[in-house]
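J.: My structure is stored as data.pdb, with PDB, C-alpha atoms, pLDDT in the B column.
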```
ATOM      1  CA  MET A1125       0.000   0.000   0.000  1.00 56.00           C
ATOM      2  CA  GLY A1126       1.328   3.434  -0.837  1.00 82.00           C
ATOM      3  CA  LEU A1127       0.130   6.943  -0.326  1.00 87.00           C
ATOM      4  CA  SER A1128       1.422   9.712  -2.536  1.00 88.00           C
ATOM      5  CA  PHE A1129       1.146  13.479  -2.175  1.00 88.00           C
ATOM      6  CA  HIS A1130       1.701  16.161  -4.789  1.00 88.00           C
ATOM      7  CA  ARG A1131       1.714  19.938  -4.347  1.00 87.00           C
ATOM      8  CA  ASN A1132      -0.104  21.515  -7.296  1.00 90.00           C
ATOM      9  CA  PRO A1133       0.843  24.832  -8.947  1.00 90.00           C
ATOM     10  CA  ASP A1134      -2.405  26.397  -7.697  1.00 92.00           C
ATOM     11  CA  GLY A1135      -1.395  25.767  -4.059  1.00 88.00           C
ATOM     12  CA  THR A1136      -3.639  22.752  -3.527  1.00 92.00           C
ATOM     13  CA  THR A1137      -2.388  19.295  -2.603  1.00 92.00           C
ATOM     14  CA  THR A1138      -3.470  16.073  -4.273  1.00 93.00           C
ATOM     15  CA  GLY A1139      -3.164  12.767  -2.474  1.00 92.00           C
ATOM     16  CA  ARG A1140      -3.735   9.267  -3.767  1.00 93.00           C
ATOM     17  CA  ASN A1141      -4.028   5.864  -2.146  1.00 92.00           C
ATOM     18  CA  GLU A1142      -2.387   3.571  -4.714  1.00 90.00           C
ATOM     19  CA  SER A1143      -4.100   0.472  -3.287  1.00 90.00           C
ATOM     20  CA  THR A1144      -7.689   1.696  -3.447  1.00 92.00           C
ATOM     21  CA  GLY A1145      -7.431   4.328  -6.173  1.00 91.00           C
ATOM     22  CA  PHE A1146      -8.922   6.919  -3.810  1.00 95.00           C
ATOM     23  CA  ALA A1147      -7.709  10.425  -4.669  1.00 95.00           C
ATOM     24  CA  VAL A1148      -8.460  13.800  -3.144  1.00 95.00           C
ATOM     25  CA  THR A1149      -7.406  17.408  -3.807  1.00 95.00           C
ATOM     26  CA  HIS A1150      -7.748  20.124  -1.190  1.00 93.00           C
ATOM     27  CA  VAL A1151      -6.218  23.483  -0.248  1.00 93.00           C
ATOM     28  CA  ASP A1152      -5.278  22.073   3.177  1.00 91.00           C
ATOM     29  CA  ALA A1153      -2.499  19.491   2.811  1.00 90.00           C
ATOM     30  CA  GLU A1154      -3.192  18.140   6.287  1.00 91.00           C
ATOM     31  CA  GLU A1155      -6.814  17.463   5.347  1.00 94.00           C
ATOM     32  CA  VAL A1156      -5.583  15.489   2.329  1.00 94.00           C
ATOM     33  CA  LYS A1157      -3.382  13.430   4.620  1.00 93.00           C
ATOM     34  CA  ARG A1158      -6.238  12.849   7.092  1.00 94.00           C
ATOM     35  CA  LEU A1159      -8.591  11.662   4.339  1.00 95.00           C
ATOM     36  CA  LEU A1160      -5.985   9.326   2.830  1.00 92.00           C
ATOM     37  CA  TYR A1161      -5.180   7.823   6.224  1.00 93.00           C
ATOM     38  CA  GLU A1162      -8.906   7.300   6.814  1.00 93.00           C
ATOM     39  CA  ASP A1163      -9.250   5.582   3.425  1.00 93.00           C
ATOM     40  CA  ALA A1164      -6.244   3.360   4.201  1.00 91.00           C
ATOM     41  CA  GLY A1165      -7.640   2.434   7.627  1.00 91.00           C
ATOM     42  CA  TRP A1166      -4.657   3.988   9.389  1.00 92.00           C
ATOM     43  CA  GLU A1167      -4.791   6.046  12.563  1.00 92.00           C
ATOM     44  CA  TYR A1168      -4.342   9.736  11.821  1.00 92.00           C
ATOM     45  CA  THR A1169      -2.537  11.935  14.322  1.00 90.00           C
ATOM     46  CA  PRO A1170      -2.868  15.672  13.694  1.00 90.00           C
ATOM     47  CA  PRO A1171       0.324  17.718  13.696  1.00 86.00           C
ATOM     48  CA  PRO A1172       1.386  19.432  16.909  1.00 87.00           C
ATOM     49  CA  PRO A1173       0.532  23.105  17.374  1.00 90.00           C
ATOM     50  CA  PRO A1174       2.939  25.620  15.832  1.00 90.00           C
ATOM     51  CA  VAL A1175       6.019  26.542  17.826  1.00 91.00           C
ATOM     52  CA  PRO A1176       6.320  30.078  19.259  1.00 93.00           C
ATOM     53  CA  PRO A1177       7.971  32.727  17.075  1.00 94.00           C
ATOM     54  CA  GLY A1178      11.745  32.340  17.041  1.00 94.00           C
ATOM     55  CA  PHE A1179      11.565  28.590  17.788  1.00 96.00           C
ATOM     56  CA  HIS A1180      11.894  25.639  15.422  1.00 94.00           C
ATOM     57  CA  ARG A1181      10.778  22.003  15.647  1.00 94.00           C
ATOM     58  CA  PHE A1182      13.076  19.287  14.311  1.00 93.00           C
ATOM     59  CA  SER A1183      14.469  15.824  15.008  1.00 93.00           C
ATOM     60  CA  LEU A1184      18.138  15.001  15.392  1.00 93.00           C
ATOM     61  CA  VAL A1185      19.261  11.426  14.868  1.00 90.00           C
ATOM     62  CA  HIS A1186      22.500   9.640  15.733  1.00 88.00           C
ATOM     63  CA  ASP A1187      23.118   6.277  14.138  1.00 75.00           C
ATOM     64  CA  ALA A1188      26.913   6.239  13.881  1.00 71.00           C
ATOM     65  CA  PHE A1189      27.421   3.492  16.485  1.00 62.00           C
ATOM     66  CA  GLY A1190      25.864   0.909  14.208  1.00 65.00           C
ATOM     67  CA  HIS A1191      23.135  -1.202  15.731  1.00 68.00           C
ATOM     68  CA  VAL A1192      23.723  -0.379  19.407  1.00 76.00           C
ATOM     69  CA  GLY A1193      20.361   1.347  19.747  1.00 83.00           C
ATOM     70  CA  PHE A1194      18.737   3.857  22.041  1.00 88.00           C
ATOM     71  CA  GLY A1195      19.820   2.203  25.318  1.00 87.00           C
ATOM     72  CA  ASP A1196      23.563   2.314  24.639  1.00 89.00           C
ATOM     73  CA  GLU A1197      25.569   3.713  27.566  1.00 90.00           C
ATOM     74  CA  ARG A1198      27.099   6.421  25.365  1.00 89.00           C
ATOM     75  CA  TYR A1199      23.659   8.067  25.321  1.00 93.00           C
ATOM     76  CA  ALA A1200      23.116   7.897  29.105  1.00 94.00           C
ATOM     77  CA  GLY A1201      23.757  11.604  29.668  1.00 94.00           C
ATOM     78  CA  LEU A1202      21.557  12.602  26.748  1.00 95.00           C
ATOM     79  CA  ARG A1203      18.735  10.381  27.990  1.00 96.00           C
ATOM     80  CA  THR A1204      18.834  11.730  31.552  1.00 96.00           C
ATOM     81  CA  ASP A1205      19.743  15.373  30.855  1.00 97.00           C
ATOM     82  CA  PRO A1206      18.949  16.288  27.232  1.00 97.00           C
ATOM     83  CA  PRO A1207      19.427  19.807  25.891  1.00 97.00           C
ATOM     84  CA  GLU A1208      16.623  22.159  26.898  1.00 97.00           C
ATOM     85  CA  GLY A1209      13.684  21.800  24.518  1.00 97.00           C
ATOM     86  CA  CYS A1210      14.676  18.285  23.413  1.00 98.00           C
ATOM     87  CA  VAL A1211      13.218  14.887  24.324  1.00 97.00           C
ATOM     88  CA  PRO A1212      15.106  11.616  23.702  1.00 97.00           C
ATOM     89  CA  VAL A1213      13.192   9.099  21.562  1.00 95.00           C
ATOM     90  CA  ASP A1214      13.893   5.574  20.379  1.00 92.00           C
ATOM     91  CA  ARG A1215      13.739   5.286  16.588  1.00 87.00           C
ATOM     92  CA  GLY A1216      15.704   2.073  16.482  1.00 84.00           C
ATOM     93  CA  CYS A1217      18.631   4.395  17.065  1.00 86.00           C
ATOM     94  CA  PHE A1218      19.065   7.396  19.337  1.00 91.00           C
ATOM     95  CA  ALA A1219      17.121  10.527  18.403  1.00 93.00           C
ATOM     96  CA  LEU A1220      16.088  13.839  19.925  1.00 96.00           C
ATOM     97  CA  GLU A1221      12.777  15.580  19.190  1.00 96.00           C
ATOM     98  CA  CYS A1222      13.510  19.260  19.673  1.00 97.00           C
ATOM     99  CA  GLU A1223      11.815  22.650  19.845  1.00 97.00           C
ATOM    100  CA  ARG A1224      14.693  25.085  20.059  1.00 97.00           C
ATOM    101  CA  PRO A1225      15.292  28.805  19.538  1.00 96.00           C
ATOM    102  CA  GLY A1226      17.117  30.161  16.527  1.00 93.00           C
ATOM    103  CA  LYS A1227      16.981  32.935  13.961  1.00 90.00           C
ATOM    104  CA  THR A1228      16.397  30.233  11.338  1.00 87.00           C
ATOM    105  CA  LEU A1229      15.916  26.487  11.435  1.00 88.00           C
ATOM    106  CA  LEU A1230      19.567  26.002  10.466  1.00 88.00           C
ATOM    107  CA  ASP A1231      20.641  28.201  13.400  1.00 90.00           C
ATOM    108  CA  ALA A1232      18.534  26.139  15.802  1.00 92.00           C
ATOM    109  CA  VAL A1233      19.898  22.850  14.414  1.00 92.00           C
ATOM    110  CA  ALA A1234      23.513  24.078  14.452  1.00 92.00           C
ATOM    111  CA  GLY A1235      23.211  25.313  18.041  1.00 93.00           C
ATOM    112  CA  THR A1236      21.732  22.026  19.188  1.00 95.00           C
ATOM    113  CA  VAL A1237      24.280  19.878  17.325  1.00 93.00           C
ATOM    114  CA  SER A1238      27.074  22.000  18.811  1.00 93.00           C
ATOM    115  CA  GLU A1239      25.678  21.708  22.357  1.00 95.00           C
ATOM    116  CA  VAL A1240      25.252  17.928  22.061  1.00 95.00           C
ATOM    117  CA  ARG A1241      28.799  17.527  20.727  1.00 92.00           C
ATOM    118  CA  ARG A1242      30.282  19.799  23.414  1.00 94.00           C
ATOM    119  CA  ARG A1243      28.321  18.423  26.410  1.00 95.00           C
ATOM    120  CA  TYR A1244      28.032  14.741  25.506  1.00 94.00           C
ATOM    121  CA  GLY A1245      30.667  14.002  22.856  1.00 91.00           C
ATOM    122  CA  VAL A1246      28.033  12.772  20.390  1.00 90.00           C
ATOM    123  CA  VAL A1247      27.894  14.242  16.883  1.00 87.00           C
ATOM    124  CA  MET A1248      24.301  14.090  15.657  1.00 89.00           C
ATOM    125  CA  ASN A1249      24.481  13.109  11.990  1.00 86.00           C
ATOM    126  CA  SER A1250      20.963  13.314  10.577  1.00 87.00           C
ATOM    127  CA  LEU A1251      17.521  14.828  10.859  1.00 86.00           C
ATOM    128  CA  GLY A1252      16.024  11.424  10.099  1.00 83.00           C
ATOM    129  CA  ILE A1253      14.602  12.335   6.709  1.00 77.00           C
ATOM    130  CA  ASP A1254      13.883   9.224   4.662  1.00 78.00           C
ATOM    131  CA  LYS A1255      13.397  10.741   1.219  1.00 72.00           C
ATOM    132  CA  PRO A1256      15.388  13.976   0.913  1.00 72.00           C
ATOM    133  CA  GLN A1257      14.502  14.235  -2.776  1.00 71.00           C
ATOM    134  CA  GLU A1258      10.865  15.020  -1.855  1.00 67.00           C
ATOM    135  CA  TRP A1259      11.052  18.805  -1.839  1.00 66.00           C
ATOM    136  CA  PHE A1260       7.725  20.309  -0.720  1.00 64.00           C
ATOM    137  CA  ASP A1261       8.400  23.972   0.013  1.00 67.00           C
ATOM    138  CA  VAL A1262      10.914  26.734  -0.400  1.00 67.00           C
ATOM    139  CA  GLY A1263      10.811  28.479   2.990  1.00 72.00           C
ATOM    140  CA  LYS A1264      13.964  28.947   5.045  1.00 77.00           C
ATOM    141  CA  ASN A1265      12.289  27.381   8.068  1.00 77.00           C
ATOM    142  CA  GLY A1266      10.052  24.682   6.589  1.00 79.00           C
ATOM    143  CA  TYR A1267      10.480  21.127   5.401  1.00 79.00           C
ATOM    144  CA  ALA A1268      12.933  22.160   2.677  1.00 80.00           C
ATOM    145  CA  ALA A1269      15.200  23.659   5.350  1.00 83.00           C
ATOM    146  CA  GLU A1270      14.976  20.414   7.342  1.00 85.00           C
ATOM    147  CA  ILE A1271      16.086  18.496   4.247  1.00 83.00           C
ATOM    148  CA  LEU A1272      18.991  20.905   3.762  1.00 85.00           C
ATOM    149  CA  ALA A1273      20.125  20.527   7.384  1.00 86.00           C
ATOM    150  CA  HIS A1274      19.769  16.740   7.106  1.00 86.00           C
ATOM    151  CA  LEU A1275      21.921  16.602   3.970  1.00 88.00           C
ATOM    152  CA  TRP A1276      24.591  18.875   5.472  1.00 85.00           C
ATOM    153  CA  LEU A1277      24.814  16.784   8.649  1.00 88.00           C
ATOM    154  CA  MET A1278      25.045  13.600   6.583  1.00 85.00           C
ATOM    155  CA  ALA A1279      27.696  15.143   4.328  1.00 87.00           C
ATOM    156  CA  ALA A1280      29.781  16.298   7.303  1.00 87.00           C
ATOM    157  CA  ASP A1281      29.540  12.889   8.976  1.00 85.00           C
ATOM    158  CA  ARG A1282      30.415  10.953   5.838  1.00 84.00           C
ATOM    159  CA  ALA A1283      33.236  13.343   4.954  1.00 85.00           C
ATOM    160  CA  ARG A1284      34.740  12.704   8.399  1.00 85.00           C
ATOM    161  CA  LEU A1285      34.430   8.933   7.899  1.00 85.00           C
ATOM    162  CA  LEU A1286      36.244   9.219   4.549  1.00 84.00           C
ATOM    163  CA  GLY A1287      39.014  11.388   5.980  1.00 87.00           C
ATOM    164  CA  TYR A1288      37.936  14.734   4.552  1.00 84.00           C
ATOM    165  CA  GLY A1289      38.240  17.816   6.709  1.00 86.00           C
ATOM    166  CA  ARG A1290      36.470  21.129   7.099  1.00 88.00           C
ATOM    167  CA  LYS A1291      38.633  22.810   4.454  1.00 88.00           C
ATOM    168  CA  ASP A1292      37.685  20.141   1.916  1.00 81.00           C
ATOM    169  CA  LEU A1293      33.972  20.721   2.532  1.00 83.00           C
ATOM    170  CA  VAL A1294      34.347  24.514   2.444  1.00 84.00           C
ATOM    171  CA  ARG A1295      36.311  24.260  -0.820  1.00 81.00           C
ATOM    172  CA  LEU A1296      33.499  22.173  -2.339  1.00 73.00           C
ATOM    173  CA  LEU A1297      30.863  24.612  -1.080  1.00 77.00           C
ATOM    174  CA  ASP A1298      32.874  27.578  -2.415  1.00 78.00           C
ATOM    175  CA  ALA A1299      33.113  25.845  -5.808  1.00 70.00           C
ATOM    176  CA  THR A1300      29.316  25.950  -6.107  1.00 69.00           C
ATOM    177  CA  GLY A1301      29.372  29.749  -6.155  1.00 72.00           C
ATOM    178  CA  ILE A1302      26.966  30.082  -3.231  1.00 75.00           C
ATOM    179  CA  GLU A1303      27.331  33.449  -1.539  1.00 76.00           C
TER     180      GLU A1303
END
```
Step by step, read the file and then write its structure as structure tokens.
T.:
Amino acid sequence: MGLSFHRNPDGTTTGRNESTGFAVTHVDAEEVKRLLYEDAGWEYTPPPPPVPPGFHRFSLVHDAFGHVGFGDERYAGLRTDPPEGCVPVDRGCFALECERPGKTLLDAVAGTVSEVRRRYGVVMNSLGIDKPQEWFDVGKNGYAAEILAHLWLMAADRARLLGYGRKDLVRLLDATGIE
């Protein structure tokens, strides 16, 4: 069974349940999701309320220890005393669900990653995004920004594993012409 969602040029969202053929288009993307879940017989959970201005909601994931999981002793400090605004969760690996302050989402993520690294010695390496190619919006603080942060954290982690350093990554970024 698969559900698919598509943002239309007119601002509406179309969703389709591939198994039943049920399709719906609506201006409210969350309503599309609710109706598709209902058609699929799945439990629908509405999204949490918006965060206060100047705060951002995101997940940070650490899966660099292989298959050790959430209960590994290296996460003990993070489980008992997580950064303010973050809650440890078990996703088959260690993760933090966070609502943190920042000028932008990237600022909030960077501050949290830095605090976790400094206080606990753990470098969070993902935002847990399964399909980063699914690009739904263009806002600096929306889902597209989460995908960007996810890809940057993954790139930094993998560069480290391959022996690349900060200068190598900055040189690559400079080569793109981004200002």
J.: On this structure, the PyMOL selection byres ((chain A and resi 1254) around 12) would catch which residues? List them as an mmCIF file with C-alpha atoms, in the coordinates of the input, sorted by chain and number.
T.:
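Writing done, so here's out.cif:
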```
data_model
loop_
_atom_site.group_PDB
_atom_site.id
_atom_site.type_symbol
_atom_site.label_atom_id
_atom_site.label_comp_id
_atom_site.auth_asym_id
_atom_site.auth_seq_id
_atom_site.Cartn_x
_atom_site.Cartn_y
_atom_site.Cartn_z
ATOM 1 C CA VAL A 1185 19.261 11.426 14.868
ATOM 2 C CA SER A 1250 20.963 13.314 10.577
ATOM 3 C CA LEU A 1251 17.521 14.828 10.859
ATOM 4 C CA GLY A 1252 16.024 11.424 10.099
ATOM 5 C CA ILE A 1253 14.602 12.335 6.709
ATOM 6 C CA LYS A 1255 13.397 10.741 1.219
ATOM 7 C CA PRO A 1256 15.388 13.976 0.913
ATOM 8 C CA GLN A 1257 14.502 14.235 -2.776
ATOM 9 C CA GLU A 1258 10.865 15.020 -1.855
ATOM 10 C CA TRP A 1259 11.052 18.805 -1.839
ATOM 11 C CA GLU A 1270 14.976 20.414 7.342
ATOM 12 C CA ILE A 1271 16.086 18.496 4.247
ATOM 13 C CA HIS A 1274 19.769 16.740 7.106
ATOM 14 C CA LEU A 1275 21.921 16.602 3.970
#
```
J.: So what do you get for atom CA of A:Cys1217 versus atom CA of A:Asp1187, distance-wise?
T.: 5.7 Å
J.: Evaluated on this file, the PyMOL selection byres ((chain A and resi 1293) around 12) picks out some residues - which ones are they, written as a PDB file with C-alpha atoms, in the coordinates of the input?
T.:
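The file below, selection_29.pdb, is the result:
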```
ATOM      1  CA  TRP A1276      24.591  18.875   5.472  1.00 85.00           C
ATOM      2  CA  LEU A1277      24.814  16.784   8.649  1.00 88.00           C
ATOM      3  CA  ALA A1279      27.696  15.143   4.328  1.00 87.00           C
ATOM      4  CA  ALA A1280      29.781  16.298   7.303  1.00 87.00           C
ATOM      5  CA  ASP A1281      29.540  12.889   8.976  1.00 85.00           C
ATOM      6  CA  ARG A1282      30.415  10.953   5.838  1.00 84.00           C
ATOM      7  CA  ALA A1283      33.236  13.343   4.954  1.00 85.00           C
ATOM      8  CA  ARG A1284      34.740  12.704   8.399  1.00 85.00           C
ATOM      9  CA  LEU A1286      36.244   9.219   4.549  1.00 84.00           C
ATOM     10  CA  GLY A1287      39.014  11.388   5.980  1.00 87.00           C
ATOM     11  CA  TYR A1288      37.936  14.734   4.552  1.00 84.00           C
ATOM     12  CA  GLY A1289      38.240  17.816   6.709  1.00 86.00           C
ATOM     13  CA  ARG A1290      36.470  21.129   7.099  1.00 88.00           C
ATOM     14  CA  LYS A1291      38.633  22.810   4.454  1.00 88.00           C
ATOM     15  CA  ASP A1292      37.685  20.141   1.916  1.00 81.00           C
ATOM     16  CA  VAL A1294      34.347  24.514   2.444  1.00 84.00           C
ATOM     17  CA  ARG A1295      36.311  24.260  -0.820  1.00 81.00           C
ATOM     18  CA  LEU A1296      33.499  22.173  -2.339  1.00 73.00           C
ATOM     19  CA  LEU A1297      30.863  24.612  -1.080  1.00 77.00           C
ATOM     20  CA  ASP A1298      32.874  27.578  -2.415  1.00 78.00           C
ATOM     21  CA  ALA A1299      33.113  25.845  -5.808  1.00 70.00           C
ATOM     22  CA  THR A1300      29.316  25.950  -6.107  1.00 69.00           C
TER      23      THR A1300
END
```
J.: Can you translate the PyMOL selection byres ((chain A and resi 1161) around 12) into the concrete residues it hits in this file, as a ChimeraX atom specification?
T.: /A:1125-1129,1139-1141,1144,1146-1148,1154-1160,1162-1170
J.: Find the residue from A:Leu1285, A:Leu1272, A:Val1247, A:Leu1184 that sits nearest to A:Arg1198; use all atoms listed in the file when measuring.
T.: A:Val1247
J.: Calculate how many Å separate atom CA of A:Ala1234 from atom CA of A:Arg1131, rounding to one decimal.
T.: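 Calculated distance between atom CA of A:Ala1234 and atom CA of A:Arg1131 is 29.1 Å.
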J.: Residues at most 12 Å from A:Asp1196, counting only C-alpha atoms, excluding those fewer than 6 positions away in the same chain, as a ChimeraX atom specification?
T.: /A:1186-1190,1202-1203,1214,1216-1218
J.: If you count all atoms listed in the file, which residues fall within 12 Å of A:Lys1227, apart from same-chain ones fewer than 5 positions away, as a list in words?
T.: Pro1177, Gly1178, Phe1179, His1180, Ala1232, Val1233, Ala1234, Gly1235, Lys1264 and Asn1265 of chain A
J.: Hey, can you check how far atom CA of A:Pro1207 sits from atom CA of A:Arg1224?
T.: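 According to the coordinates, atom CA of A:Pro1207 and atom CA of A:Arg1224 are separated by 9.2 Å.
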J.: Would you compute an axis-aligned box for stretch 1247-1250 of chain A, covering every atom listed for it in the file with 8 Å of margin on each side, and report centre and edge lengths in Å to one decimal as lines of an AutoDock Vina configuration file?
T.:
```
center_x = 24.4
center_y = 13.7
center_z = 13.7
size_x = 22.9
size_y = 17.1
size_z = 22.3
```
